[in-house]
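> This is the structure I have questions about; it appears just below.
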Amino acid sequence: MLVRLLYASRAVATTSAAMLDGILEQSRQNNPAQGITGLLCVSGDVFIQLLEGGRDEVCELYNAIARDDRHQQVRLLSYQEIAERNFGAWTMGQVNIANINPALLLKYFRRAELNPFDCSGQATMALLHELVATASIVNRGG
């Protein structure tokens, strides 16, 4: 059974480029063996991550993330059983929100800033779909 899980969190410490690169590298190394695909959006200290894969694998990864001391305010935004993946082409795609048109953020959020803590999981998911449709995702493969 496939599932899709969307969560948000805040970084405990300032997110450096090296820290982000480490997270992405770890994801790209570990996720394919677990059959997990997805996206990661980072803006300042805010992380939004979408995971797709088998129920057990996705749940175990989410639980590990929730226990990770680099994250705080880990919030489950959406969890659903799915018939097929929407983000299967990415071992872990990355979105740099700083390069996104502020009008796109205003379409889904109250302000032109990424704040998944102040909107529905459905709005955050819609933003991710639009980012994919507009080719705003980098590092498609592993």
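Numbering starts fresh at 1 for the residues of each chain in the structure tokens, the chains themselves are lettered A, B, ... in the order given, and ligands are numbered from 1 as they appear.
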Got a sec: who's within 10 Å of range 8-21 of chain A, counting only C-alpha atoms, leaving out chain neighbours fewer than 6 positions off, as a PyMOL selection string?
chain A and resi 27+40-50+65-66+69-78+94+115-117+121+124
> Run DSSP on the backbone and tell me which residues of range 5-106 of chain A come out as strand (DSSP E or B); list them as a PyMOL selection string.
chain A and resi 5-11+37-43+46-54+71-82+93-96
> Can I get the selection written as a compact mmCIF listing (two decimals), in the first residue's frame, with N, CA and C atoms?

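As a result, result.txt now contains:
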# COMPACT_ATOMS: atom_id res chain seq x y z
N LEU A 5 2.65 11.47 2.69
CA LEU A 5 2.69 12.18 3.96
C LEU A 5 3.33 13.54 3.73
N LEU A 6 2.69 14.56 4.27
CA LEU A 6 3.19 15.92 4.18
C LEU A 6 3.33 16.46 5.59
N TYR A 7 4.51 16.99 5.91
CA TYR A 7 4.71 17.57 7.24
C TYR A 7 5.49 18.87 7.11
N ALA A 8 5.45 19.65 8.18
CA ALA A 8 6.24 20.87 8.29
C ALA A 8 6.98 20.83 9.61
N SER A 9 8.10 21.51 9.66
CA SER A 9 8.84 21.65 10.91
C SER A 9 9.66 22.92 10.84
N ARG A 10 10.22 23.26 11.98
CA ARG A 10 11.15 24.39 12.06
C ARG A 10 12.51 23.85 12.50
N ALA A 11 13.55 24.42 11.92
CA ALA A 11 14.90 24.04 12.31
C ALA A 11 15.21 24.60 13.70
N THR A 37 10.08 8.43 -2.16
CA THR A 37 10.33 9.56 -3.04
C THR A 37 9.71 10.80 -2.38
N GLY A 38 10.05 11.98 -2.91
CA GLY A 38 9.43 13.16 -2.34
C GLY A 38 10.12 14.45 -2.67
N LEU A 39 9.72 15.49 -1.94
CA LEU A 39 10.21 16.85 -2.13
C LEU A 39 10.53 17.47 -0.78
N LEU A 40 11.46 18.42 -0.80
CA LEU A 40 11.79 19.18 0.39
C LEU A 40 11.80 20.65 0.01
N CYS A 41 11.04 21.46 0.73
CA CYS A 41 11.05 22.92 0.57
C CYS A 41 11.61 23.53 1.83
N VAL A 42 12.51 24.49 1.67
CA VAL A 42 13.11 25.16 2.81
C VAL A 42 13.03 26.65 2.58
N SER A 43 12.59 27.37 3.61
CA SER A 43 12.57 28.83 3.58
C SER A 43 12.91 29.31 4.97
N VAL A 46 11.98 27.18 8.10
CA VAL A 46 10.81 26.35 7.84
C VAL A 46 11.14 25.25 6.83
N PHE A 47 10.80 24.02 7.19
CA PHE A 47 10.92 22.87 6.30
C PHE A 47 9.53 22.35 5.99
N ILE A 48 9.29 22.05 4.73
CA ILE A 48 8.10 21.30 4.32
C ILE A 48 8.62 20.11 3.54
N GLN A 49 8.18 18.93 3.92
CA GLN A 49 8.63 17.75 3.21
C GLN A 49 7.44 16.87 2.88
N LEU A 50 7.44 16.38 1.65
CA LEU A 50 6.44 15.43 1.19
C LEU A 50 7.15 14.11 0.95
N LEU A 51 6.58 13.04 1.50
CA LEU A 51 7.14 11.70 1.35
C LEU A 51 6.10 10.79 0.73
N GLU A 52 6.50 9.98 -0.23
CA GLU A 52 5.63 8.97 -0.82
C GLU A 52 6.35 7.63 -0.78
N GLY A 53 5.59 6.58 -0.51
CA GLY A 53 6.16 5.25 -0.49
C GLY A 53 5.26 4.30 0.26
N GLY A 54 5.81 3.15 0.63
CA GLY A 54 5.07 2.17 1.41
C GLY A 54 4.70 2.73 2.78
N HIS A 71 15.01 19.23 14.39
CA HIS A 71 13.66 19.73 14.09
C HIS A 71 12.91 20.07 15.37
N GLN A 72 12.04 21.07 15.27
CA GLN A 72 11.08 21.36 16.33
C GLN A 72 9.75 21.69 15.66
N GLN A 73 8.70 21.70 16.41
CA GLN A 73 7.35 21.97 15.89
C GLN A 73 7.02 21.09 14.68
N VAL A 74 7.36 19.82 14.74
CA VAL A 74 7.04 18.92 13.64
C VAL A 74 5.52 18.74 13.62
N ARG A 75 4.90 19.08 12.49
CA ARG A 75 3.45 19.02 12.36
C ARG A 75 3.05 18.22 11.13
N LEU A 76 2.21 17.23 11.33
CA LEU A 76 1.66 16.45 10.24
C LEU A 76 0.59 17.29 9.56
N LEU A 77 0.75 17.56 8.27
CA LEU A 77 -0.20 18.38 7.52
C LEU A 77 -1.20 17.54 6.73
N SER A 78 -0.74 16.39 6.26
CA SER A 78 -1.61 15.53 5.45
C SER A 78 -1.03 14.12 5.42
N TYR A 79 -1.93 13.15 5.47
CA TYR A 79 -1.53 11.75 5.36
C TYR A 79 -2.66 11.04 4.64
N GLN A 80 -2.33 10.34 3.55
CA GLN A 80 -3.38 9.65 2.82
C GLN A 80 -2.85 8.42 2.10
N GLU A 81 -3.71 7.45 1.95
CA GLU A 81 -3.40 6.30 1.10
C GLU A 81 -3.58 6.76 -0.33
N ILE A 82 -2.70 6.31 -1.22
CA ILE A 82 -2.75 6.75 -2.61
C ILE A 82 -2.68 5.54 -3.55
N GLY A 93 13.56 15.83 -4.34
CA GLY A 93 13.69 17.10 -5.04
C GLY A 93 13.77 18.23 -4.03
N GLN A 94 14.38 19.33 -4.44
CA GLN A 94 14.57 20.47 -3.55
C GLN A 94 13.97 21.71 -4.19
N VAL A 95 13.30 22.51 -3.38
CA VAL A 95 12.72 23.77 -3.84
C VAL A 95 13.35 24.89 -3.03
N ASN A 96 13.88 25.90 -3.71
CA ASN A 96 14.38 27.08 -3.03
C ASN A 96 13.30 28.15 -3.12
> Quick one: everything within 10 Å of Ile100 in chain A, counting only C-alpha atoms, minus sequence neighbours fewer than 5 positions away in the same chain. Send it as a list in words.
Val95, Leu105, Ala112, Glu113, Leu131 and Ser136 of chain A
> I need the residues in range 65-142 of chain A that are alpha helix (DSSP H) according to DSSP; give them as an MDAnalysis selection string.
chainID A and resid 65:67 102:108 121:133
> Quick one: pull the distance between CA of Asn86 in chain A and CA of Gly35 in chain A, Å, one decimal.
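Between CA of Asn86 in chain A and CA of Gly35 in chain A the gap is 13.8 Å.
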> Enter the distance from CA of Tyr62 in chain A to CA of Phe109 in chain A, in Å, rounded to one decimal.
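Calculated distance between CA of Tyr62 in chain A and CA of Phe109 in chain A is 24.5 Å.
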> Figure out the distance between CA of Ala103 in chain A and CA of Leu24 in chain A, please, to one decimal in Å.
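Between CA of Leu24 in chain A and CA of Ala103 in chain A the gap works out to 27.3 Å.
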> Give the answer as one residue: which of A:Ala126, A:Ile36, A:Ala89, A:Met1 has the shortest atom-to-atom distance to Leu61 in chain A, using only C-alpha atoms?
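Closest candidate: A:Ile36.
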> Smallest atom-to-atom distance to Glu57 in chain A: which of A:Val3, A:Leu128, A:Leu106, A:Ile97, using only C-alpha atoms?
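Nearest to Glu57 in chain A: A:Val3.
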